[in-house]
Amino acid sequence: MSRPAHGPLVADLVAALDPDRVHTAAGDLWLYRHDASNLTGRATAVCFPTSTAEVRACVRAAVRHDTPFVARGSGTGLAGGAVPPEGAVVIATSKMTAVRSVDPVNRTAWVEPGVLNLDLTRHVTAQGLHFAPDPSSQQTCSIGGNVANNSGGPHCLADGVTSAHVLAIEVVLPDGTVTELGGEEPEPRGLDLRGAFVGSEGMFGVATAVCVKLTQNPPDVATMLLDFDDVADGAQLVSDIIAAGIVPAAVEMMDQLCVRAVEAYIEANLPVDAAAVLLIEVVGLPAGVAADVAAIRHLAAARRVGAIRVAADDDERALLWKGRKSAFGAIARIKPNYYLHDTVVPRHRLPEVLEEVYRIVERHDLLVLNVFHAGDGNLHPLLVYDARDDGVAERVQAAGEEIVRVSVAAGGVLSGEHGIGREKRELMPLMFSDIDLAAQAALRDAFDPRRLANPDKVLPTAASCGDVQAIPDGAWV
Amino acid sequence: MSSADNDFAAEVAPSGPVTVTGTATRGGPVADVRIVRPPYGIRATQAAEMTVTCGAGTPVDELCSELEAHGQTVVLPRSGTVGGALAVGHSDIDRLRYGPVRDALLQARYVGASGDLVTIGGPTVKNVSGFDMCRLFVGSVGTLGFLSEVTLRTRPLPRISRWWRGDGEPHELLAQLYRPAAVLWDGAVTWVRLDGAADDLDAQAARFDLVSVDEPPLIPSAGRSSHPPAELVAATRDLEHQFIAEIGVGVVHHAEPVVDQRPVDDAVVELHRRIKQRFDPDGRLNPGRSPLS
């Protein structure tokens with residue numbers, strides 16, 4: 001009987017870890033062939049290390065057998081970043097969930113990569129602190145995944161995305177050495193390798209512990225829901241607010257189709273006849289919050305705002321946010337399938353790009369719900385469809401690619417928070433020339449000369465990147 | 001991109017040692033090496049985007065004056081040029097609230113060792129398209145490429161900004177105050193900068209017995225050191241010279257020169273070697289300089 005080709009590799013992994021924590025059964029590998037995107041790959045083994053030493057052992061075993069490896073947090077990524085390259089070793093960090101230490105005065109914590117985003121915030125709530133990045137998946141996504149994707153969230157408008165909240169990272173580099181990038185100190189010696197590592201989508205090594213910065217909970221919060229008869233008025237108000245020198249903690253927009261779906265789902269008395277609503281939250285000390293609320297009311301009046309609802313208490317605030325965060329659940333009432341996009345445009349281009357998105361979607365005979373981080377100009381058009389309809393997948397893909405192209409042409413970028421992964425790697429030439437991409441490839445090769453760390457992500461496949469290549473089947477663009 | 005960027009690239013040219021300088025406030029160019037100067041001038045100020053684009057040779061003071069006319073400011077320390085501030089990467093004393101310089105660079109065009117103009121990052125405040133090359137360049141002291149054009153994140157000026165003094169334990173103030181812009185400490189006295197609405201500032205100051213002062217303390221500039229913020233008290237306990245410590249951040253400003261004796265892990269040194277080798281294989285950019293020295 002012939003041995004499977006991966007025999008010696010799996011034997012090394014089993015020798016390094018408890019055999020119960022090296023999964024190779026077909027059913028297990030099937031589960032780990034994808035993340036939250038539509039893309040799939042194939043793993044040779046899925047490992048569940050419990051320590052830095054075990055992660056290092058996994059990396060070293062993979063390297064010894066010249067096999068690619070990919071770290072995986074909770075698998076909530078939407079761009080295929082955690083989809084295993086062909087035959088890869090998957091290093092799942094879901095058993096590394098310790099909060100190693102918290103310093104409540106200097107507001108830092110050392111956590112393992114498998115700690116869930118919301119669990120970290122819950123862990124420090126009693127000390128009046130939270131972890132600022134709050135992706136919509138925060139109940140299930142992990143800190144390690146946040147680091148890999150440089151994740152954002154509604155409340156990153158004022159405080160920045162993950163990189164601004166990571167001080168140091170203990171990593172296993174792609175050659176199997178363990179080191180620390182960055183540091184608890186403010187000015188570590190040398191290049192900002194911490195900064196380079198955050199957002200590198202698993203291609204510069206595996207994070208085994210992360211020193212995060214924690215943020216004070218605000219003493220006062222005002223959450224406002226503003227409705228508009230015209231989407232463009234709401235979009236314009238976003239620019240007006242920022243130009244007036246107000247940076248709310250969050251500015252989220254939902255259009256009519258989205259509001260109606262959410263209202264049918266949670267019954268929060270939302271304005272279902274409005275063309276769009278803005279959910280705006282300002283935080284801080286009481287006088288500053290009151291002044292911001294007054295200024296926003298004034299600016300909104302000039303943009304023909306309809307009703308302005310200010311949450312009267314924490315319960316109402318929670319309800320309004322529930323409306324925003326349950327948009328993805330609510331759409332199941334409209335169509336069974338959806339494809340979520342993620343691009344950024346300059347705020348002042350929001351009105352025209354939104355109009356263009358509606359035109360593109362109409363041209364392809366699709367439905368779109370817009371629910372997005374308007375304050376950052378971070379669009380999230382949600383194309384809803386029924387996969388059983390003939391030819392719909394092609395239409396969804398074509399519309400998606402047009403939306404990306406329109407965003408970049410408006411002075412925007414390919415991704416605001418989901419990352420490039422496998423989904424958008426072939427679109428990188430829309431933003432970067434061959435020379436630009438060669439510089440990024442040079443950085444990757446410095447971290448991973450053998451190209452074994454999640455090698456089929458971010459950078460386009462073609463050696464010459466002058467043309468946009470074919471998008472992989474199942475990609476969400 | 002403007003033609004000034006192409007001119008700058010042509011000046012750097014593809015061979016021979018070359019060094020870059022702004023106004024020489026942070027050490028100046030490498031001695032006895034051909035000097036180039038990056039483009040000067042503000043190219044676009046967009047308050048509604050909270051961004052500004054300028055040539056790397058633009059003085060920080062000039063940039064801040066322009067931004068103030070738009071109600072905005074930027075985290076760079078107020079001396080020398082924008083390119084110099086980014087190349088060195090030292091943050092200003094209000095890092096506690098407004099974050100480090102490394103978070104400010106959104107997009108850049110730099111001239112690489114081959115003389116090519118290379119674009120890194122993206123023009124919007126939020127962007128995860130590709131690797132975060134901008135953070136790699138902040139603090140790289142011109143050893144990977146020379147910045148030509150940069151787009152920076154700006155932020156609105158606070159309603160008001162005032163300094164206060166207190167005799168309380170500095171970490172007590174750090175724990176209790178809501179997002180102070182700075183908490184400085186000289187071993188005995190604590191200075192606090194609060195930004196925001198006047199009523200909020202007065203209420204905070206009254207609660208913690210802070211006394212309003214006109215000016216921050218004089219920040220000594222002979223030496224600078226960096227410590228985990230939890231170790232600041234221990235790190236300054238035996239100092240015999242005057243110092244100002246940034247509480248909650250970990251930077252100490254010294255009245256005497258200090259030597260950086262922090263060890264660097266071999267793996268980190270090796271990563272530096274590999275990055276330099278790939279970005280500047282002939283070692284022509286700012287020869288002799290290293291981010292590690």
# chains A, B, ... in the order shown; residues from 1 in each chain; ligands from 1

call {"tool": "interface_residues", "arguments": {"of": "chain A", "to": "chain B", "cutoff": "6 Å", "atoms": "only C-alpha atoms", "output": "list of chain:residue names"}}
result
A:Val105, A:Asn106, A:Glu184, A:Glu185, A:Pro186, A:Glu187, A:Arg189, A:Gly190, A:Leu191, A:Asp192, A:Gly195, A:Ala196, A:Ser200, A:Ser239, A:Ile242, A:Ala243, A:Gly245, A:Ala287, A:Gly288, A:Leu414, A:Ser415, A:Gly416, A:Glu417, A:Gly419, A:Asp436, A:Ala442, A:Ala446

call {"tool": "residues_around", "arguments": {"residues": "Gly199 in chain A", "least_positions_apart": "4", "cutoff": "6 Å", "atoms": "only C-alpha atoms", "output": "PDB file with N, CA and C atoms, in the first residue's frame"}}
result
ATOM      1  N   ALA A 148      -3.292  40.245  11.483  1.00  0.00           N
ATOM      2  CA  ALA A 148      -2.967  39.829  10.109  1.00  0.00           C
ATOM      3  C   ALA A 148      -3.628  40.746   9.079  1.00  0.00           C
ATOM      4  N   ASN A 149      -4.861  41.182   9.380  1.00  0.00           N
ATOM      5  CA  ASN A 149      -5.614  41.977   8.403  1.00  0.00           C
ATOM      6  C   ASN A 149      -5.581  43.468   8.682  1.00  0.00           C
ATOM      7  N   ASN A 150      -4.955  43.883   9.778  1.00  0.00           N
ATOM      8  CA  ASN A 150      -5.015  45.285  10.199  1.00  0.00           C
ATOM      9  C   ASN A 150      -6.483  45.742  10.204  1.00  0.00           C
TER      10      ASN A 150
END

call {"tool": "residues_around", "arguments": {"residues": "Trp191 in chain B", "least_positions_apart": "3", "cutoff": "6 Å", "atoms": "only C-alpha atoms", "output": "PDB file with N, CA and C atoms, in the first residue's frame"}}
result
ATOM      1  N   TRP B 164      -1.491  72.607  32.597  1.00  0.00           N
ATOM      2  CA  TRP B 164      -1.784  72.681  34.027  1.00  0.00           C
ATOM      3  C   TRP B 164      -0.618  72.034  34.771  1.00  0.00           C
ATOM      4  N   ARG B 165      -0.542  72.360  36.068  1.00  0.00           N
ATOM      5  CA  ARG B 165       0.509  71.798  36.921  1.00  0.00           C
ATOM      6  C   ARG B 165      -0.125  71.135  38.110  1.00  0.00           C
ATOM      7  N   VAL B 183       1.078  64.045  29.734  1.00  0.00           N
ATOM      8  CA  VAL B 183       1.367  64.083  31.175  1.00  0.00           C
ATOM      9  C   VAL B 183       2.889  64.030  31.284  1.00  0.00           C
ATOM     10  N   LEU B 184       3.488  65.141  31.683  1.00  0.00           N
ATOM     11  CA  LEU B 184       4.951  65.232  31.771  1.00  0.00           C
ATOM     12  C   LEU B 184       5.353  65.314  33.240  1.00  0.00           C
TER      13      LEU B 184
END

call {"tool": "residues_around", "arguments": {"residues": "Asp28 in chain A", "least_positions_apart": "6", "cutoff": "12 Å", "atoms": "only C-alpha atoms", "output": "PyMOL selection string"}}
result
chain A and resi 21-22+34+42-47+90

call {"tool": "write_last_selection", "arguments": {"atoms": "N, CA and C atoms", "output": "short mmCIF file (atom, residue, chain, number, x, y, z; two decimals), in the first residue's frame"}}
result
data_model
loop_
_atom_site.label_atom_id
_atom_site.label_comp_id
_atom_site.auth_asym_id
_atom_site.auth_seq_id
_atom_site.Cartn_x
_atom_site.Cartn_y
_atom_site.Cartn_z
N ARG A 21 -4.02 16.94 18.38
CA ARG A 21 -4.08 18.33 17.89
C ARG A 21 -3.49 18.48 16.49
N VAL A 22 -3.33 17.36 15.79
CA VAL A 22 -2.95 17.39 14.37
C VAL A 22 -4.04 16.65 13.61
N HIS A 34 -11.71 26.64 3.60
CA HIS A 34 -12.09 28.02 3.27
C HIS A 34 -12.18 28.88 4.53
N ARG A 42 -6.80 23.70 -0.21
CA ARG A 42 -6.70 22.33 0.31
C ARG A 42 -5.53 22.23 1.28
N ALA A 43 -5.82 21.80 2.49
CA ALA A 43 -4.78 21.65 3.50
C ALA A 43 -4.33 20.20 3.58
N THR A 44 -3.07 20.02 4.02
CA THR A 44 -2.56 18.68 4.30
C THR A 44 -2.86 18.28 5.74
N ALA A 45 -2.74 19.27 6.63
CA ALA A 45 -2.98 19.00 8.05
C ALA A 45 -3.43 20.30 8.70
N VAL A 46 -4.25 20.17 9.73
CA VAL A 46 -4.66 21.33 10.52
C VAL A 46 -4.14 21.12 11.93
N CYS A 47 -3.27 22.04 12.39
CA CYS A 47 -2.62 21.88 13.69
C CYS A 47 -3.21 22.87 14.69
N VAL A 90 -2.12 24.10 8.04
CA VAL A 90 -2.89 25.16 8.67
C VAL A 90 -2.52 25.20 10.15
#

call {"tool": "residues_around", "arguments": {"residues": "Asp159 in chain A", "least_positions_apart": "4", "cutoff": "10 Å", "atoms": "only C-alpha atoms", "output": "compact mmCIF listing (two decimals) with N, CA, C and O atoms, in the first residue's frame"}}
result
# COMPACT_ATOMS: atom_id res chain seq x y z
N ALA A 132 -9.98 49.16 20.95
CA ALA A 132 -10.71 50.05 20.05
C ALA A 132 -11.18 49.41 18.73
O ALA A 132 -12.32 49.63 18.33
N PRO A 133 -10.34 48.64 18.02
CA PRO A 133 -10.85 48.08 16.76
C PRO A 133 -12.05 47.15 17.03
O PRO A 133 -11.96 46.28 17.89
N GLY A 152 -10.41 46.86 10.91
CA GLY A 152 -11.03 48.11 11.32
C GLY A 152 -12.32 47.85 12.06
O GLY A 152 -12.41 46.93 12.87
N HIS A 155 -15.88 51.95 14.97
CA HIS A 155 -15.30 52.93 15.89
C HIS A 155 -13.83 53.24 15.60
O HIS A 155 -13.12 53.77 16.46
N ALA A 164 -2.68 50.91 14.94
CA ALA A 164 -2.53 51.99 15.91
C ALA A 164 -2.71 51.48 17.35
O ALA A 164 -2.48 52.22 18.30
N HIS A 165 -3.13 50.22 17.49
CA HIS A 165 -3.41 49.68 18.82
C HIS A 165 -2.55 48.45 19.13
O HIS A 165 -2.89 47.67 20.01
N THR A 215 -7.94 51.33 25.32
CA THR A 215 -8.48 52.69 25.24
C THR A 215 -9.47 52.92 26.37
O THR A 215 -10.26 52.03 26.71
N VAL A 247 -14.63 65.04 14.76
CA VAL A 247 -14.35 63.65 14.40
C VAL A 247 -15.16 62.76 15.34
O VAL A 247 -14.74 62.45 16.45
N PRO A 248 -16.36 62.37 14.91
CA PRO A 248 -17.16 61.48 15.76
C PRO A 248 -16.45 60.15 15.96
O PRO A 248 -15.55 59.79 15.19
N ALA A 249 -16.87 59.42 16.99
CA ALA A 249 -16.30 58.09 17.21
C ALA A 249 -16.70 57.17 16.07
O ALA A 249 -15.95 56.28 15.68
N ALA A 250 -17.92 57.38 15.52
CA ALA A 250 -18.38 56.55 14.41
C ALA A 250 -19.38 57.33 13.57
O ALA A 250 -20.15 58.13 14.11
N ARG B 97 -2.10 61.29 23.53
CA ARG B 97 -3.46 61.36 23.01
C ARG B 97 -3.54 61.18 21.50
O ARG B 97 -4.48 60.58 20.99
N TYR B 98 -2.56 61.73 20.79
CA TYR B 98 -2.72 61.81 19.33
C TYR B 98 -1.93 60.77 18.56
O TYR B 98 -1.99 60.74 17.33
N GLY B 99 -1.18 59.93 19.27
CA GLY B 99 -0.52 58.82 18.60
C GLY B 99 0.84 59.19 18.03
O GLY B 99 1.24 60.35 17.99

call {"tool": "residues_around", "arguments": {"residues": "Leu285 in chain B", "least_positions_apart": "2", "cutoff": "10 Å", "atoms": "only C-alpha atoms", "output": "ChimeraX atom specification"}}
result
/B:12,15-20,30,33,112-113,141-146,276,279-283,287-289

call {"tool": "residues_around", "arguments": {"residues": "Pro257 in chain B", "least_positions_apart": "4", "cutoff": "8 Å", "atoms": "only C-alpha atoms", "output": "VMD selection string"}}
result
chain B and resid 222 to 224

call {"tool": "write_last_selection", "arguments": {"atoms": "N, CA and C atoms", "output": "PDB file, in the first residue's frame"}}
result
ATOM      1  N   ALA B 222      19.218  67.395  25.071  1.00  0.00           N
ATOM      2  CA  ALA B 222      20.561  66.837  24.871  1.00  0.00           C
ATOM      3  C   ALA B 222      20.523  65.327  24.662  1.00  0.00           C
ATOM      4  N   GLY B 223      19.526  64.670  25.247  1.00  0.00           N
ATOM      5  CA  GLY B 223      19.424  63.214  25.102  1.00  0.00           C
ATOM      6  C   GLY B 223      17.972  62.784  25.103  1.00  0.00           C
ATOM      7  N   ARG B 224      17.731  61.592  24.569  1.00  0.00           N
ATOM      8  CA  ARG B 224      16.361  61.057  24.487  1.00  0.00           C
ATOM      9  C   ARG B 224      16.460  59.556  24.704  1.00  0.00           C
TER      10      ARG B 224
END

call {"tool": "atom_distance", "arguments": {"atom1": "CA of Arg207 in chain B", "atom2": "CA of Ala188 in chain B"}}
result
20.1 Å

call {"tool": "closest_residue", "arguments": {"among": "A:Val392, A:Ala374, A:Leu427, A:Val212", "to": "Gly153 in chain A", "atoms": "only C-alpha atoms"}}
result
A:Ala374

call {"tool": "select_by_dssp", "arguments": {"residues": "range 6-245 of chain B", "states": "helix (DSSP H, G or I)", "output": "ChimeraX atom specification"}}
result
/B:6-12,47-49,60-69,82-88,95-98,101-103,133-137,170-176,198-207,229-236

call {"tool": "select_by_dssp", "arguments": {"residues": "range 160-248 of chain B", "states": "strand (DSSP E)", "output": "number ranges by chain"}}
result
B: 160-166, 182-185, 190-196, 211-213, 223-226, 243-246

call {"tool": "decode", "arguments": {"residues": "range 203-237 of chain A", "atoms": "N, CA and C atoms", "output": "PDB file, in the first residue's frame"}}
result
ATOM      1  N   MET A 203       1.850  36.521   5.744  1.00  0.00           N
ATOM      2  CA  MET A 203       2.962  36.266   4.824  1.00  0.00           C
ATOM      3  C   MET A 203       4.332  36.604   5.414  1.00  0.00           C
ATOM      4  N   PHE A 204       4.334  37.195   6.638  1.00  0.00           N
ATOM      5  CA  PHE A 204       5.614  37.554   7.267  1.00  0.00           C
ATOM      6  C   PHE A 204       5.885  36.705   8.511  1.00  0.00           C
ATOM      7  N   GLY A 205       5.034  35.717   8.767  1.00  0.00           N
ATOM      8  CA  GLY A 205       5.226  34.870   9.933  1.00  0.00           C
ATOM      9  C   GLY A 205       3.924  34.717  10.703  1.00  0.00           C
ATOM     10  N   VAL A 206       4.037  34.104  11.889  1.00  0.00           N
ATOM     11  CA  VAL A 206       2.855  33.820  12.711  1.00  0.00           C
ATOM     12  C   VAL A 206       2.981  34.557  14.041  1.00  0.00           C
ATOM     13  N   ALA A 207       1.988  35.363  14.377  1.00  0.00           N
ATOM     14  CA  ALA A 207       1.984  36.046  15.677  1.00  0.00           C
ATOM     15  C   ALA A 207       1.609  35.050  16.763  1.00  0.00           C
ATOM     16  N   THR A 208       2.394  35.012  17.839  1.00  0.00           N
ATOM     17  CA  THR A 208       2.083  34.086  18.935  1.00  0.00           C
ATOM     18  C   THR A 208       1.690  34.822  20.211  1.00  0.00           C
ATOM     19  N   ALA A 209       1.932  36.122  20.263  1.00  0.00           N
ATOM     20  CA  ALA A 209       1.452  36.956  21.371  1.00  0.00           C
ATOM     21  C   ALA A 209       1.477  38.398  20.890  1.00  0.00           C
ATOM     22  N   VAL A 210       0.533  39.181  21.375  1.00  0.00           N
ATOM     23  CA  VAL A 210       0.392  40.554  20.900  1.00  0.00           C
ATOM     24  C   VAL A 210       0.253  41.479  22.106  1.00  0.00           C
ATOM     25  N   CYS A 211       1.070  42.542  22.133  1.00  0.00           N
ATOM     26  CA  CYS A 211       0.902  43.568  23.165  1.00  0.00           C
ATOM     27  C   CYS A 211       0.021  44.662  22.570  1.00  0.00           C
ATOM     28  N   VAL A 212      -1.197  44.779  23.099  1.00  0.00           N
ATOM     29  CA  VAL A 212      -2.144  45.746  22.556  1.00  0.00           C
ATOM     30  C   VAL A 212      -2.255  46.964  23.461  1.00  0.00           C
ATOM     31  N   LYS A 213      -2.618  48.057  22.842  1.00  0.00           N
ATOM     32  CA  LYS A 213      -2.932  49.280  23.571  1.00  0.00           C
ATOM     33  C   LYS A 213      -4.435  49.258  23.854  1.00  0.00           C
ATOM     34  N   LEU A 214      -4.803  49.593  25.074  1.00  0.00           N
ATOM     35  CA  LEU A 214      -6.220  49.647  25.443  1.00  0.00           C
ATOM     36  C   LEU A 214      -6.654  51.107  25.519  1.00  0.00           C
ATOM     37  N   THR A 215      -7.941  51.328  25.319  1.00  0.00           N
ATOM     38  CA  THR A 215      -8.476  52.689  25.240  1.00  0.00           C
ATOM     39  C   THR A 215      -9.471  52.921  26.375  1.00  0.00           C
ATOM     40  N   GLN A 216      -9.411  54.118  26.963  1.00  0.00           N
ATOM     41  CA  GLN A 216     -10.345  54.474  28.035  1.00  0.00           C
ATOM     42  C   GLN A 216     -11.775  54.498  27.511  1.00  0.00           C
ATOM     43  N   ASN A 217     -12.697  53.989  28.288  1.00  0.00           N
ATOM     44  CA  ASN A 217     -14.110  54.145  27.945  1.00  0.00           C
ATOM     45  C   ASN A 217     -14.501  55.600  28.148  1.00  0.00           C
ATOM     46  N   PRO A 218     -15.293  56.158  27.227  1.00  0.00           N
ATOM     47  CA  PRO A 218     -15.630  57.576  27.357  1.00  0.00           C
ATOM     48  C   PRO A 218     -16.634  57.802  28.487  1.00  0.00           C
ATOM     49  N   PRO A 219     -16.505  58.928  29.189  1.00  0.00           N
ATOM     50  CA  PRO A 219     -17.462  59.229  30.256  1.00  0.00           C
ATOM     51  C   PRO A 219     -18.851  59.562  29.717  1.00  0.00           C
ATOM     52  N   ASP A 220     -18.932  60.099  28.503  1.00  0.00           N
ATOM     53  CA  ASP A 220     -20.226  60.491  27.969  1.00  0.00           C
ATOM     54  C   ASP A 220     -20.315  60.052  26.501  1.00  0.00           C
ATOM     55  N   VAL A 221     -21.507  59.640  26.100  1.00  0.00           N
ATOM     56  CA  VAL A 221     -21.729  59.154  24.735  1.00  0.00           C
ATOM     57  C   VAL A 221     -23.050  59.713  24.221  1.00  0.00           C
ATOM     58  N   ALA A 222     -23.071  60.188  22.976  1.00  0.00           N
ATOM     59  CA  ALA A 222     -24.340  60.553  22.338  1.00  0.00           C
ATOM     60  C   ALA A 222     -24.443  59.786  21.024  1.00  0.00           C
ATOM     61  N   THR A 223     -25.532  59.041  20.859  1.00  0.00           N
ATOM     62  CA  THR A 223     -25.744  58.264  19.642  1.00  0.00           C
ATOM     63  C   THR A 223     -26.961  58.830  18.923  1.00  0.00           C
ATOM     64  N   MET A 224     -26.756  59.264  17.679  1.00  0.00           N
ATOM     65  CA  MET A 224     -27.817  59.953  16.937  1.00  0.00           C
ATOM     66  C   MET A 224     -28.151  59.184  15.667  1.00  0.00           C
ATOM     67  N   LEU A 225     -29.429  59.152  15.332  1.00  0.00           N
ATOM     68  CA  LEU A 225     -29.862  58.574  14.073  1.00  0.00           C
ATOM     69  C   LEU A 225     -30.519  59.690  13.260  1.00  0.00           C
ATOM     70  N   LEU A 226     -29.972  59.984  12.095  1.00  0.00           N
ATOM     71  CA  LEU A 226     -30.485  61.084  11.267  1.00  0.00           C
ATOM     72  C   LEU A 226     -31.031  60.503   9.964  1.00  0.00           C
ATOM     73  N   ASP A 227     -32.233  60.931   9.542  1.00  0.00           N
ATOM     74  CA  ASP A 227     -32.725  60.388   8.276  1.00  0.00           C
ATOM     75  C   ASP A 227     -32.808  61.449   7.185  1.00  0.00           C
ATOM     76  N   PHE A 228     -32.661  60.982   5.951  1.00  0.00           N
ATOM     77  CA  PHE A 228     -32.571  61.863   4.779  1.00  0.00           C
ATOM     78  C   PHE A 228     -33.461  61.347   3.658  1.00  0.00           C
ATOM     79  N   ASP A 229     -34.036  62.285   2.892  1.00  0.00           N
ATOM     80  CA  ASP A 229     -34.828  61.906   1.718  1.00  0.00           C
ATOM     81  C   ASP A 229     -33.941  61.650   0.510  1.00  0.00           C
ATOM     82  N   ASP A 230     -32.695  62.079   0.603  1.00  0.00           N
ATOM     83  CA  ASP A 230     -31.781  61.943  -0.525  1.00  0.00           C
ATOM     84  C   ASP A 230     -30.453  61.389   0.017  1.00  0.00           C
ATOM     85  N   VAL A 231     -29.993  60.277  -0.557  1.00  0.00           N
ATOM     86  CA  VAL A 231     -28.747  59.657  -0.104  1.00  0.00           C
ATOM     87  C   VAL A 231     -27.599  60.663  -0.177  1.00  0.00           C
ATOM     88  N   ALA A 232     -27.598  61.481  -1.239  1.00  0.00           N
ATOM     89  CA  ALA A 232     -26.491  62.420  -1.437  1.00  0.00           C
ATOM     90  C   ALA A 232     -26.393  63.432  -0.289  1.00  0.00           C
ATOM     91  N   ASP A 233     -27.551  63.851   0.260  1.00  0.00           N
ATOM     92  CA  ASP A 233     -27.508  64.794   1.384  1.00  0.00           C
ATOM     93  C   ASP A 233     -26.806  64.179   2.590  1.00  0.00           C
ATOM     94  N   GLY A 234     -27.159  62.939   2.871  1.00  0.00           N
ATOM     95  CA  GLY A 234     -26.515  62.256   3.998  1.00  0.00           C
ATOM     96  C   GLY A 234     -25.017  62.116   3.767  1.00  0.00           C
ATOM     97  N   ALA A 235     -24.660  61.731   2.535  1.00  0.00           N
ATOM     98  CA  ALA A 235     -23.245  61.538   2.212  1.00  0.00           C
ATOM     99  C   ALA A 235     -22.481  62.858   2.303  1.00  0.00           C
ATOM    100  N   GLN A 236     -23.140  63.949   1.857  1.00  0.00           N
ATOM    101  CA  GLN A 236     -22.491  65.268   1.937  1.00  0.00           C
ATOM    102  C   GLN A 236     -22.276  65.694   3.387  1.00  0.00           C
ATOM    103  N   LEU A 237     -23.243  65.361   4.233  1.00  0.00           N
ATOM    104  CA  LEU A 237     -23.129  65.765   5.641  1.00  0.00           C
ATOM    105  C   LEU A 237     -21.875  65.162   6.285  1.00  0.00           C
TER     106      LEU A 237
END
